[in-house]
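File shown: upload_28.pdb (PDB, C-alpha atoms and all ligand atoms).
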MODEL        1
ATOM      1  CA  MET A   1     -47.042 237.937 153.302
ATOM      2  CA  SER A   2     -48.457 238.279 149.789
ATOM      3  CA  PRO A   3     -45.938 238.704 146.948
ATOM      4  CA  LEU A   4     -45.211 242.134 145.499
ATOM      5  CA  LEU A   5     -45.913 240.829 141.984
ATOM      6  CA  SER A   6     -48.108 237.839 141.289
ATOM      7  CA  VAL A   7     -48.449 236.749 137.650
ATOM      8  CA  ARG A   8     -51.103 234.141 136.875
ATOM      9  CA  ASP A   9     -51.730 232.303 133.608
ATOM     10  CA  LEU A  10     -50.274 235.100 131.474
ATOM     11  CA  LYS A  11     -50.880 234.538 127.774
ATOM     12  CA  VAL A  12     -49.693 236.851 124.999
ATOM     13  CA  SER A  13     -50.163 236.284 121.278
ATOM     14  CA  PHE A  14     -49.666 238.468 118.216
ATOM     15  CA  ASP A  15     -51.583 238.313 114.947
ATOM     16  CA  THR A  16     -49.049 238.609 112.135
ATOM     17  CA  GLU A  17     -49.225 238.266 108.353
ATOM     18  CA  ASP A  18     -47.712 234.793 108.715
ATOM     19  CA  GLY A  19     -50.082 233.623 111.437
ATOM     20  CA  VAL A  20     -50.610 233.874 115.190
ATOM     21  CA  VAL A  21     -47.426 234.010 117.264
ATOM     22  CA  ALA A  22     -48.160 232.446 120.668
ATOM     23  CA  ALA A  23     -45.334 234.223 122.489
ATOM     24  CA  VAL A  24     -46.372 233.432 126.083
ATOM     25  CA  SER A  25     -48.665 230.502 126.888
ATOM     26  CA  GLY A  26     -49.857 230.457 130.490
ATOM     27  CA  VAL A  27     -46.987 231.678 132.654
ATOM     28  CA  SER A  28     -47.350 232.051 136.442
ATOM     29  CA  TYR A  29     -44.818 233.262 139.023
ATOM     30  CA  ASP A  30     -44.470 235.408 142.129
ATOM     31  CA  VAL A  31     -41.841 237.968 143.049
ATOM     32  CA  GLU A  32     -41.460 238.669 146.762
ATOM     33  CA  ALA A  33     -40.424 242.113 148.029
ATOM     34  CA  GLY A  34     -36.641 242.344 148.236
ATOM     35  CA  LYS A  35     -36.086 239.096 146.294
ATOM     36  CA  THR A  36     -34.728 238.374 142.817
ATOM     37  CA  LEU A  37     -36.377 236.147 140.241
ATOM     38  CA  GLY A  38     -34.235 235.069 137.289
ATOM     39  CA  ILE A  39     -36.112 234.276 134.066
ATOM     40  CA  VAL A  40     -33.875 232.259 131.768
ATOM     41  CA  GLY A  41     -34.341 231.052 128.204
ATOM     42  CA  GLU A  42     -33.155 231.348 124.623
ATOM     43  CA  SER A  43     -34.307 234.064 122.202
ATOM     44  CA  GLY A  44     -37.975 233.603 121.405
ATOM     45  CA  SER A  45     -38.783 231.777 124.657
ATOM     46  CA  GLY A  46     -41.181 234.563 125.672
ATOM     47  CA  LYS A  47     -39.150 235.817 128.613
ATOM     48  CA  THR A  48     -38.954 239.424 127.435
ATOM     49  CA  VAL A  49     -42.445 239.617 125.893
ATOM     50  CA  GLY A  50     -43.947 238.474 129.215
ATOM     51  CA  THR A  51     -42.308 241.234 131.229
ATOM     52  CA  LEU A  52     -42.910 243.919 128.581
ATOM     53  CA  THR A  53     -46.580 242.921 128.731
ATOM     54  CA  ILE A  54     -46.642 243.335 132.501
ATOM     55  CA  MET A  55     -45.229 246.837 131.960
ATOM     56  CA  GLY A  56     -48.026 247.566 129.463
ATOM     57  CA  LEU A  57     -45.558 247.860 126.574
ATOM     58  CA  THR A  58     -47.041 245.294 124.178
ATOM     59  CA  ARG A  59     -50.565 246.703 123.945
ATOM     60  CA  ALA A  60     -51.616 246.953 120.299
ATOM     61  CA  VAL A  61     -54.582 246.038 118.138
ATOM     62  CA  ASN A  62     -52.895 242.843 116.957
ATOM     63  CA  THR A  63     -52.007 241.674 120.495
ATOM     64  CA  LYS A  64     -54.158 239.386 122.641
ATOM     65  CA  ILE A  65     -53.346 239.392 126.343
ATOM     66  CA  SER A  66     -55.036 237.404 129.111
ATOM     67  CA  GLY A  67     -54.341 236.382 132.686
ATOM     68  CA  GLU A  68     -53.491 238.509 135.693
ATOM     69  CA  ALA A  69     -50.457 240.471 136.892
ATOM     70  CA  LEU A  70     -51.181 241.732 140.397
ATOM     71  CA  PHE A  71     -48.691 244.359 141.552
ATOM     72  CA  ASP A  72     -49.374 245.188 145.166
ATOM     73  CA  GLY A  73     -52.907 243.869 144.589
ATOM     74  CA  LYS A  74     -53.574 245.954 141.450
ATOM     75  CA  ASP A  75     -53.927 244.190 138.099
ATOM     76  CA  LEU A  76     -51.421 245.778 135.705
ATOM     77  CA  LEU A  77     -53.005 244.076 132.696
ATOM     78  CA  THR A  78     -56.276 245.961 133.158
ATOM     79  CA  SER A  79     -54.755 249.280 134.308
ATOM     80  CA  SER A  80     -55.276 252.232 131.986
ATOM     81  CA  GLU A  81     -52.410 253.593 129.891
ATOM     82  CA  GLN A  82     -52.361 256.686 132.108
ATOM     83  CA  GLN A  83     -52.055 254.556 135.261
ATOM     84  CA  MET A  84     -49.279 252.513 133.646
ATOM     85  CA  ARG A  85     -47.379 255.683 132.695
ATOM     86  CA  SER A  86     -47.272 256.726 136.335
ATOM     87  CA  ILE A  87     -46.232 253.218 137.475
ATOM     88  CA  ARG A  88     -43.475 252.836 134.851
ATOM     89  CA  GLY A  89     -40.222 254.448 135.930
ATOM     90  CA  ASP A  90     -41.649 255.125 139.360
ATOM     91  CA  GLU A  91     -42.861 251.940 141.073
ATOM     92  CA  ILE A  92     -41.536 249.579 138.408
ATOM     93  CA  ALA A  93     -38.395 250.451 136.442
ATOM     94  CA  MET A  94     -36.538 248.680 133.666
ATOM     95  CA  ILE A  95     -32.895 248.336 132.686
ATOM     96  CA  PHE A  96     -32.602 247.480 129.011
ATOM     97  CA  GLN A  97     -29.990 245.481 127.161
ATOM     98  CA  ASP A  98     -28.371 248.184 125.077
ATOM     99  CA  PRO A  99     -27.557 251.361 127.006
ATOM    100  CA  LEU A 100     -26.396 253.235 123.899
ATOM    101  CA  SER A 101     -29.766 253.067 122.176
ATOM    102  CA  SER A 102     -31.618 253.691 125.465
ATOM    103  CA  LEU A 103     -29.850 257.021 126.093
ATOM    104  CA  HIS A 104     -30.545 260.019 123.839
ATOM    105  CA  PRO A 105     -27.306 261.028 122.084
ATOM    106  CA  PHE A 106     -28.201 264.759 121.922
ATOM    107  CA  PHE A 107     -28.763 265.317 125.650
ATOM    108  CA  THR A 108     -26.310 265.244 128.534
ATOM    109  CA  ILE A 109     -26.454 262.456 131.096
ATOM    110  CA  GLY A 110     -27.520 265.055 133.674
ATOM    111  CA  ALA A 111     -30.414 266.363 131.563
ATOM    112  CA  GLN A 112     -31.718 262.821 131.008
ATOM    113  CA  LEU A 113     -31.455 261.888 134.681
ATOM    114  CA  VAL A 114     -33.085 265.160 135.796
ATOM    115  CA  GLU A 115     -35.981 264.531 133.394
ATOM    116  CA  ALA A 116     -36.437 260.956 134.678
ATOM    117  CA  ILE A 117     -36.656 262.319 138.223
ATOM    118  CA  GLN A 118     -38.915 265.294 137.481
ATOM    119  CA  VAL A 119     -41.430 263.236 135.469
ATOM    120  CA  HIS A 120     -42.408 261.430 138.660
ATOM    121  CA  ARG A 121     -41.372 263.817 141.455
ATOM    122  CA  ASN A 122     -42.447 267.374 142.093
ATOM    123  CA  VAL A 123     -38.942 268.661 142.839
ATOM    124  CA  SER A 124     -36.923 271.648 141.623
ATOM    125  CA  LYS A 125     -34.328 271.243 138.888
ATOM    126  CA  ALA A 126     -31.559 271.904 141.437
ATOM    127  CA  ALA A 127     -32.875 269.174 143.751
ATOM    128  CA  ALA A 128     -33.244 266.767 140.822
ATOM    129  CA  ARG A 129     -29.646 267.532 139.789
ATOM    130  CA  ASP A 130     -28.438 266.827 143.330
ATOM    131  CA  ARG A 131     -30.299 263.517 143.246
ATOM    132  CA  ALA A 132     -28.834 262.746 139.788
ATOM    133  CA  ALA A 133     -25.287 263.310 141.100
ATOM    134  CA  GLU A 134     -26.072 261.162 144.142
ATOM    135  CA  LEU A 135     -27.303 258.358 141.844
ATOM    136  CA  LEU A 136     -24.179 258.486 139.654
ATOM    137  CA  GLY A 137     -22.111 258.181 142.824
ATOM    138  CA  MET A 138     -24.229 255.205 143.943
ATOM    139  CA  VAL A 139     -23.528 253.339 140.702
ATOM    140  CA  GLY A 140     -19.778 253.830 141.130
ATOM    141  CA  LEU A 141     -18.993 256.687 138.728
ATOM    142  CA  SER A 142     -16.190 258.894 139.997
ATOM    143  CA  ASP A 143     -16.634 262.674 140.143
ATOM    144  CA  PRO A 144     -20.405 262.326 139.614
ATOM    145  CA  ARG A 145     -21.260 266.035 139.559
ATOM    146  CA  SER A 146     -19.014 266.799 136.610
ATOM    147  CA  ARG A 147     -20.223 263.642 134.821
ATOM    148  CA  LEU A 148     -23.677 265.210 134.643
ATOM    149  CA  SER A 149     -22.412 267.465 131.846
ATOM    150  CA  SER A 150     -21.112 264.565 129.735
ATOM    151  CA  TYR A 151     -22.862 263.130 126.681
ATOM    152  CA  PRO A 152     -23.496 259.376 126.287
ATOM    153  CA  HIS A 153     -20.813 259.013 123.582
ATOM    154  CA  GLU A 154     -18.184 260.197 126.058
ATOM    155  CA  PHE A 155     -18.846 257.138 128.253
ATOM    156  CA  SER A 156     -17.754 253.514 127.765
ATOM    157  CA  GLY A 157     -20.409 250.770 127.437
ATOM    158  CA  GLY A 158     -20.019 249.815 131.092
ATOM    159  CA  MET A 159     -20.350 253.441 132.233
ATOM    160  CA  ARG A 160     -23.475 253.906 130.095
ATOM    161  CA  GLN A 161     -25.027 250.816 131.657
ATOM    162  CA  ARG A 162     -24.232 252.280 135.087
ATOM    163  CA  VAL A 163     -26.114 255.427 134.006
ATOM    164  CA  MET A 164     -29.093 253.290 132.932
ATOM    165  CA  ILE A 165     -29.066 251.593 136.336
ATOM    166  CA  ALA A 166     -28.934 255.021 138.013
ATOM    167  CA  MET A 167     -31.897 256.132 135.889
ATOM    168  CA  ALA A 168     -33.862 253.015 136.787
ATOM    169  CA  LEU A 169     -33.226 253.617 140.499
ATOM    170  CA  ALA A 170     -33.972 257.360 140.270
ATOM    171  CA  ASN A 171     -37.390 257.149 141.903
ATOM    172  CA  ASP A 172     -36.749 254.260 144.318
ATOM    173  CA  PRO A 173     -38.802 251.675 142.399
ATOM    174  CA  ARG A 174     -40.251 248.740 144.296
ATOM    175  CA  LEU A 175     -39.600 246.402 141.368
ATOM    176  CA  LEU A 176     -36.669 246.537 138.964
ATOM    177  CA  ILE A 177     -36.768 244.553 135.716
ATOM    178  CA  ALA A 178     -33.334 244.025 134.151
ATOM    179  CA  ASP A 179     -33.555 242.604 130.617
ATOM    180  CA  GLU A 180     -30.216 241.075 129.584
ATOM    181  CA  PRO A 181     -28.412 243.897 131.451
ATOM    182  CA  THR A 182     -24.926 242.646 130.606
ATOM    183  CA  THR A 183     -25.307 241.141 127.120
ATOM    184  CA  ALA A 184     -23.985 244.197 125.254
ATOM    185  CA  LEU A 185     -20.943 244.560 127.533
ATOM    186  CA  ASP A 186     -17.413 243.159 127.512
ATOM    187  CA  VAL A 187     -16.997 240.043 129.624
ATOM    188  CA  THR A 188     -14.763 241.865 132.115
ATOM    189  CA  VAL A 189     -17.386 244.572 132.643
ATOM    190  CA  GLN A 190     -20.300 242.095 132.895
ATOM    191  CA  ALA A 191     -19.194 240.796 136.295
ATOM    192  CA  GLN A 192     -18.794 244.350 137.651
ATOM    193  CA  ILE A 193     -22.285 245.350 136.492
ATOM    194  CA  LEU A 194     -23.870 242.203 137.966
ATOM    195  CA  GLU A 195     -22.104 242.816 141.256
ATOM    196  CA  LEU A 196     -23.276 246.432 141.217
ATOM    197  CA  ILE A 197     -26.904 245.415 140.566
ATOM    198  CA  ALA A 198     -26.788 242.835 143.376
ATOM    199  CA  ASP A 199     -25.197 245.356 145.791
ATOM    200  CA  LEU A 200     -27.715 248.073 144.999
ATOM    201  CA  GLN A 201     -30.576 245.629 145.341
ATOM    202  CA  ARG A 202     -29.325 244.615 148.798
ATOM    203  CA  GLN A 203     -28.968 248.285 149.805
ATOM    204  CA  THR A 204     -32.341 249.437 148.492
ATOM    205  CA  GLY A 205     -34.426 246.294 149.152
ATOM    206  CA  THR A 206     -35.913 246.557 145.647
ATOM    207  CA  ALA A 207     -37.450 243.370 144.240
ATOM    208  CA  MET A 208     -35.939 242.360 140.907
ATOM    209  CA  ILE A 209     -36.630 240.297 137.824
ATOM    210  CA  ILE A 210     -33.497 239.582 135.818
ATOM    211  CA  ILE A 211     -34.051 238.236 132.307
ATOM    212  CA  THR A 212     -31.215 236.420 130.586
ATOM    213  CA  HIS A 213     -30.291 233.622 128.194
ATOM    214  CA  ASP A 214     -27.340 232.757 130.424
ATOM    215  CA  LEU A 215     -27.860 230.669 133.563
ATOM    216  CA  GLY A 216     -24.386 231.761 134.666
ATOM    217  CA  VAL A 217     -25.626 235.364 134.945
ATOM    218  CA  VAL A 218     -28.368 234.540 137.444
ATOM    219  CA  ALA A 219     -26.304 232.028 139.425
ATOM    220  CA  GLU A 220     -24.950 234.724 141.724
ATOM    221  CA  VAL A 221     -27.896 237.091 141.950
ATOM    222  CA  ALA A 222     -31.211 235.186 141.822
ATOM    223  CA  ASP A 223     -33.150 233.702 144.727
ATOM    224  CA  GLU A 224     -35.591 231.903 142.424
ATOM    225  CA  ILE A 225     -35.171 230.857 138.781
ATOM    226  CA  ALA A 226     -37.820 230.177 136.139
ATOM    227  CA  VAL A 227     -36.555 228.465 132.975
ATOM    228  CA  MET A 228     -38.690 229.246 129.909
ATOM    229  CA  TYR A 229     -38.973 227.378 126.646
ATOM    230  CA  ALA A 230     -41.387 228.120 123.797
ATOM    231  CA  GLY A 231     -43.548 230.478 125.834
ATOM    232  CA  ARG A 232     -43.888 228.287 128.933
ATOM    233  CA  ILE A 233     -42.051 227.825 132.203
ATOM    234  CA  VAL A 234     -40.530 224.345 132.050
ATOM    235  CA  GLU A 235     -38.736 224.396 135.401
ATOM    236  CA  GLN A 236     -38.942 226.645 138.429
ATOM    237  CA  ALA A 237     -37.007 226.370 141.681
ATOM    238  CA  SER A 238     -34.852 228.198 144.176
ATOM    239  CA  ALA A 239     -31.474 229.003 142.578
ATOM    240  CA  ALA A 240     -29.732 226.587 144.959
ATOM    241  CA  ASP A 241     -32.126 223.748 144.087
ATOM    242  CA  LEU A 242     -31.997 224.377 140.350
ATOM    243  CA  PHE A 243     -28.208 224.247 140.180
ATOM    244  CA  ALA A 244     -27.904 221.313 142.593
ATOM    245  CA  ASN A 245     -30.716 219.221 141.192
ATOM    246  CA  PRO A 246     -31.794 220.274 137.673
ATOM    247  CA  GLN A 247     -34.713 218.172 136.460
ATOM    248  CA  HIS A 248     -35.648 219.277 132.956
ATOM    249  CA  PRO A 249     -33.473 218.143 130.018
ATOM    250  CA  TYR A 250     -33.493 221.726 128.705
ATOM    251  CA  THR A 251     -32.199 223.115 132.019
ATOM    252  CA  ARG A 252     -29.550 220.404 132.050
ATOM    253  CA  GLY A 253     -28.611 221.386 128.499
ATOM    254  CA  LEU A 254     -28.308 225.063 129.469
ATOM    255  CA  LEU A 255     -26.092 224.136 132.416
ATOM    256  CA  ALA A 256     -23.873 221.941 130.228
ATOM    257  CA  SER A 257     -23.361 224.799 127.774
ATOM    258  CA  ILE A 258     -21.983 227.266 130.377
ATOM    259  CA  PRO A 259     -18.199 227.718 130.047
ATOM    260  CA  ARG A 260     -16.492 226.833 133.350
ATOM    261  CA  LEU A 261     -12.959 227.551 134.517
ATOM    262  CA  ASP A 262     -12.706 224.108 136.156
ATOM    263  CA  ARG A 263     -13.621 222.278 132.916
ATOM    264  CA  ASP A 264     -10.923 220.438 130.933
ATOM    265  CA  ARG A 265     -10.224 222.765 127.965
ATOM    266  CA  SER A 266      -9.696 219.848 125.599
ATOM    267  CA  ILE A 267     -13.377 218.960 126.119
ATOM    268  CA  GLY A 268     -15.588 221.357 124.162
ATOM    269  CA  LEU A 269     -18.816 222.875 125.413
ATOM    270  CA  ASP A 270     -21.931 220.779 125.038
ATOM    271  CA  PRO A 271     -24.428 222.936 123.090
ATOM    272  CA  ILE A 272     -28.135 222.095 122.855
ATOM    273  CA  ALA A 273     -28.733 220.631 119.396
ATOM    274  CA  GLY A 274     -31.154 222.331 116.987
ATOM    275  CA  ARG A 275     -32.857 225.688 117.189
ATOM    276  CA  PRO A 276     -35.725 227.160 119.198
ATOM    277  CA  PRO A 277     -39.080 226.419 117.517
ATOM    278  CA  SER A 278     -41.182 228.816 115.495
ATOM    279  CA  MET A 279     -43.885 230.192 117.760
ATOM    280  CA  ILE A 280     -46.301 230.351 114.821
ATOM    281  CA  SER A 281     -46.335 226.580 114.505
ATOM    282  CA  PRO A 282     -44.579 225.099 117.557
ATOM    283  CA  PRO A 283     -44.149 221.312 117.733
ATOM    284  CA  GLY A 284     -47.052 219.396 119.305
ATOM    285  CA  GLY A 285     -46.728 217.790 122.730
ATOM    286  CA  CYS A 286     -43.630 218.945 124.582
ATOM    287  CA  ALA A 287     -42.227 221.753 122.399
ATOM    288  CA  PHE A 288     -38.687 220.692 123.334
ATOM    289  CA  HIS A 289     -39.078 217.164 121.944
ATOM    290  CA  PRO A 290     -37.317 217.719 118.566
ATOM    291  CA  ARG A 291     -34.170 218.789 120.467
ATOM    292  CA  CYS A 292     -34.466 216.647 123.577
ATOM    293  CA  PRO A 293     -31.900 213.865 124.023
ATOM    294  CA  ARG A 294     -34.331 212.067 126.353
ATOM    295  CA  ALA A 295     -37.485 212.296 124.183
ATOM    296  CA  PHE A 296     -39.666 209.187 123.932
ATOM    297  CA  ASP A 297     -42.914 208.354 122.152
ATOM    298  CA  ARG A 298     -45.344 210.251 124.428
ATOM    299  CA  CYS A 299     -43.323 213.485 124.144
ATOM    300  CA  SER A 300     -44.637 214.444 120.691
ATOM    301  CA  GLU A 301     -48.259 213.917 121.783
ATOM    302  CA  GLU A 302     -48.698 215.068 125.389
ATOM    303  CA  LEU A 303     -48.118 218.543 126.764
ATOM    304  CA  PRO A 304     -46.321 218.159 130.105
ATOM    305  CA  GLN A 305     -47.706 220.274 132.951
ATOM    306  CA  LEU A 306     -45.619 222.039 135.568
ATOM    307  CA  GLU A 307     -45.707 219.691 138.580
ATOM    308  CA  ALA A 308     -44.037 219.623 141.983
ATOM    309  CA  VAL A 309     -40.793 217.679 142.319
ATOM    310  CA  ALA A 310     -41.105 215.221 145.203
ATOM    311  CA  GLY A 311     -39.155 216.230 148.298
ATOM    312  CA  SER A 312     -38.898 219.927 147.414
ATOM    313  CA  SER A 313     -41.364 222.582 148.519
ATOM    314  CA  ASN A 314     -41.070 224.938 145.553
ATOM    315  CA  HIS A 315     -39.308 222.998 142.794
ATOM    316  CA  ARG A 316     -41.567 222.337 139.786
ATOM    317  CA  VAL A 317     -40.872 220.800 136.391
ATOM    318  CA  ALA A 318     -42.823 220.133 133.166
ATOM    319  CA  CYS A 319     -41.458 216.867 131.771
ATOM    320  CA  LEU A 320     -43.037 213.497 131.068
ATOM    321  CA  LEU A 321     -40.034 211.474 132.248
ATOM    322  CA  GLU A 322     -40.441 209.500 135.470
ATOM    323  CA  PRO A 323     -38.779 211.320 138.411
ATOM    324  CA  ALA A 324     -35.981 208.740 138.717
ATOM    325  CA  GLU A 325     -35.292 209.019 134.982
ATOM    326  CA  ARG A 326     -34.992 212.820 135.069
ATOM    327  CA  SER A 327     -31.937 212.757 137.340
ATOM    328  CA  ARG A 328     -30.165 210.164 135.221
ATOM    329  CA  LYS A 329     -27.434 211.494 132.928
ATOM    330  CA  ALA A 330     -28.350 211.269 129.221
TER     331      ALA A 330
HETATM  332 FE1  LIG B   1     -37.747 215.746 126.820
HETATM  333 FE2  LIG B   1     -40.050 214.458 126.743
HETATM  334 FE3  LIG B   1     -39.312 215.683 128.979
HETATM  335 FE4  LIG B   1     -40.050 217.102 126.847
HETATM  336  S1  LIG B   1     -41.324 215.738 128.031
HETATM  337  S2  LIG B   1     -38.309 217.475 128.115
HETATM  338  S3  LIG B   1     -39.258 215.852 125.179
HETATM  339  S4  LIG B   1     -38.314 213.946 127.977
ENDMDL
END

Now, as a test, write the supplied structure out as structure tokens.
Amino acid sequence: MSPLLSVRDLKVSFDTEDGVVAAVSGVSYDVEAGKTLGIVGESGSGKTVGTLTIMGLTRAVNTKISGEALFDGKDLLTSSEQQMRSIRGDEIAMIFQDPLSSLHPFFTIGAQLVEAIQVHRNVSKAAARDRAAELLGMVGLSDPRSRLSSYPHEFSGGMRQRVMIAMALANDPRLLIADEPTTALDVTVQAQILELIADLQRQTGTAMIIITHDLGVVAEVADEIAVMYAGRIVEQASAADLFANPQHPYTRGLLASIPRLDRDRSIGLDPIAGRPPSMISPPGGCAFHPRCPRAFDRCSEELPQLEAVAGSSNHRVACLLEPAERSRKA
């Protein structure tokens, strides 16, 4: 069966006053119907720009885009703005990071949900309101019909994110893109929202891309994980394989920096040294080499390609270390 979304060699760059920002440099991945892909990386890794580009939201005179993003066989990168408007919010929907700035403060939750439904469906206002109440119930808000008359400021951050999830699901999208859906929320609410997203995805069969800087977030919900660094995928595997057998020093660094309840509290977290590179003038060779504890002489000269890991059907890594060396602890 062909994937619902197939991205091939996606490149995105922006001309700026300071130079060309190469935000995404040849990214490829597939998302199967009903499955979840986690895209993980630090700020500036290109994870959000890549998906915004697929949604047609980075088109501008100073942007260069190439590659292919086949959604159900149709290339989203060459679709007209009008075609993209009908796909966005209908076949592909997005949940953004900050629900407060995504909801309009002057309109009730009900009015915003009804509008989201009526933009894509030829239904009466009463039917759209019924659907809006049904959606608020689905995302776990009590007394959903009366909630329709509330304004965003009357809701907590977690409740607002539930509304955003309801809005994203309003038209039964086939692909849901969740960009850091829990970053703006309290830790206690984060787990509830992740559980809700995973539950709804199981119920609706929607495919999902979840974008995050936190490997812990995708641990429970993703089937596949792509780790991005400096605009490229540096490791890609099933979630089980990635956590059991991480190969790339960056992935290992991300895993070591996740707080764990079973870790001795007297031992601090192990952060990745340094900062993500500037994408105007990224380091030559492997872009991770200035921060990599395993870097050796070839790393500053050769660009590692994403290659299959021996013994695993879909595990790939871009690192110049010999396979036996990659599994060794630094
Ligand atoms: Fe580290 Fe070199 Fe591998 Fe890059 S190629 S991750 S610098 S060891």

message = Running the PyMOL selection byres (((chain A and resi 121) around 12) and not hetatm) on this model by hand, what would come out? Give it as a list in words.
response = Ser86, Gly89, Asp90, Glu91, Val114, Glu115, Ala116, Ile117, Gln118, Val119, His120, Asn122, Val123, Ser124, Lys125, Ala127, Ala128, Arg131, Ala170, Asn171 and Asp172 of chain A

Compile a residue-level contact table for chain A against ligand LIG 1 (chain B) at a cut-off of 9 Å, reporting for every qualifying residue the shortest atom pair and its distance in Å to one decimal, with only C-alpha atoms and all ligand atoms counted, rows ordered by chain and ascending number, as CSV.
residue,atom,partner,partner_atom,distance
A:Val234,CA,B:LIG1,S2,8.2
A:His248,CA,B:LIG1,S2,5.8
A:Pro249,CA,B:LIG1,S2,5.2
A:Tyr250,CA,B:LIG1,S2,6.5
A:Gly285,CA,B:LIG1,S1,7.8
A:Cys286,CA,B:LIG1,FE4,4.6
A:Ala287,CA,B:LIG1,FE4,6.8
A:Phe288,CA,B:LIG1,FE4,5.2
A:His289,CA,B:LIG1,S3,3.5
A:Pro290,CA,B:LIG1,S3,7.1
A:Arg291,CA,B:LIG1,S3,7.5
A:Cys292,CA,B:LIG1,FE1,4.7
A:Pro293,CA,B:LIG1,FE1,6.7
A:Arg294,CA,B:LIG1,S4,4.7
A:Ala295,CA,B:LIG1,S3,4.1
A:Phe296,CA,B:LIG1,FE2,6.0
A:Asp297,CA,B:LIG1,FE2,8.2
A:Arg298,CA,B:LIG1,FE2,7.1
A:Cys299,CA,B:LIG1,FE2,4.3
A:Ser300,CA,B:LIG1,S3,7.1
A:Glu302,CA,B:LIG1,S1,7.9
A:Leu303,CA,B:LIG1,S1,7.5
A:Pro304,CA,B:LIG1,S1,5.9
A:Ala318,CA,B:LIG1,S1,6.9
A:Cys319,CA,B:LIG1,FE3,3.7
A:Leu320,CA,B:LIG1,S1,4.1
A:Leu321,CA,B:LIG1,S4,5.2
A:Glu322,CA,B:LIG1,S4,9.0
A:Arg326,CA,B:LIG1,S4,7.9

task = Would you mind telling me which residue in A:Thr212, A:Ser238, A:Asn62, A:Ser257 lies nearest to Val40 of chain A when using all atoms listed in the file?
result =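 The shortest atom-to-atom distance to Val40 of chain A comes from A:Thr212.
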
inquiry  = Using only C-alpha atoms for the distances, tell me which of A:Leu306, A:Ile233, A:Met159, A:Ala239 is nearest to Val189 of chain A.
reply    = A:Met159

One-decimal distance in Å that lies between atom CA of Ala93 of chain A and atom CA of Ile193 of chain A =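 The value is 16.9 Å.
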
request  = Using the chain letters and numbering of this document, enumerate as a PyMOL selection string the residues selected by the PyMOL selection byres (((chain A and resi 10) around 10) and not hetatm).
outcome  = chain A and resi 7-9+11-12+24-29+50+53-54+65-69+77+231-232

remark   = For Asp186 of chain A, the closest of A:Ser156, A:Gly311, A:Gly19, A:Met279 counting all atoms listed in the file is A:Ser156

key: Sel. within 8 Å of pt (-40.3, 240.4, 137.6), counting only C-alpha atoms, output as a ChimeraX atom specification   = /A:5,30-31,36-37,51,175-177,207-210

Result set, the PyMOL selection byres (((chain A and resi 109-112) around 7) and not hetatm) on current file, as a VMD selection string = chain A and resid 107 to 108 113 to 116 129 132 148 to 152

key: Residues near Ser101 of chain A, cut-off 12 Å, only C-alpha atoms, skip fewer than 3 positions along chain, as a PyMOL selection string   = chain A and resi 95-98+104-106+152-153+157+160-161+164+184

Saved selection, atoms kept: C-alpha atoms, as a PDB file, in the frame of the given file:
ATOM      1  CA  ILE A  95     -32.895 248.336 132.686  1.00  0.00           C
ATOM      2  CA  PHE A  96     -32.602 247.480 129.011  1.00  0.00           C
ATOM      3  CA  GLN A  97     -29.990 245.481 127.161  1.00  0.00           C
ATOM      4  CA  ASP A  98     -28.371 248.184 125.077  1.00  0.00           C
ATOM      5  CA  HIS A 104     -30.545 260.019 123.839  1.00  0.00           C
ATOM      6  CA  PRO A 105     -27.306 261.028 122.084  1.00  0.00           C
ATOM      7  CA  PHE A 106     -28.201 264.759 121.922  1.00  0.00           C
ATOM      8  CA  PRO A 152     -23.496 259.376 126.287  1.00  0.00           C
ATOM      9  CA  HIS A 153     -20.813 259.013 123.582  1.00  0.00           C
ATOM     10  CA  GLY A 157     -20.409 250.770 127.437  1.00  0.00           C
ATOM     11  CA  ARG A 160     -23.475 253.906 130.095  1.00  0.00           C
ATOM     12  CA  GLN A 161     -25.027 250.816 131.657  1.00  0.00           C
ATOM     13  CA  MET A 164     -29.093 253.290 132.932  1.00  0.00           C
ATOM     14  CA  ALA A 184     -23.985 244.197 125.254  1.00  0.00           C
TER      15      ALA A 184
END

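Among the candidates A:Ile258, A:Val49, A:Leu76, A:Ala240, the residue lying nearest to Arg88 of chain A is A:Leu76 (atoms considered: all atoms listed in the file).
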
request  = Could you check how far atom CA of Gln203 of chain A sits from atom CA of Gly137 of chain A, in Å to one decimal?
outcome  =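 These atoms are spaced 13.9 Å apart.
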
request  = Measuring atom to atom with all atoms listed in the file, identify which of A:Pro99, A:Gly274, A:Pro173, A:Gly253 is nearest to Leu4 of chain A.
outcome  =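 Using all atoms listed in the file, the shortest distance to Leu4 of chain A belongs to A:Pro173.
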
ask   = So which residues fall inside 10 Å of (-29.8, 236.4, 138.1) if we count only C-alpha atoms? Mind giving them as a list in words?
value = Thr36, Leu37, Gly38, Ile39, Val40, Ala178, Glu180, Leu194, Ile197, Ala198, Met208, Ile209, Ile210, Ile211, Thr212, Asp214, Leu215, Gly216, Val217, Val218, Ala219, Glu220, Val221, Ala222, Asp223, Glu224, Ile225 and Ala239 of chain A

request  = Return the single residue from A:Ala230, A:Ser80, A:Ala133, A:Ala324 that is closest to Pro282 of chain A, with distances computed using all atoms listed in the file.
outcome  = A:Ala230

query = Rounded to one decimal in Å, what is the spacing between atom CA of Val317 of chain A and atom CA of Gln236 of chain A?
reply =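 Separation between atom CA of Val317 of chain A and atom CA of Gln236 of chain A: 6.5 Å.
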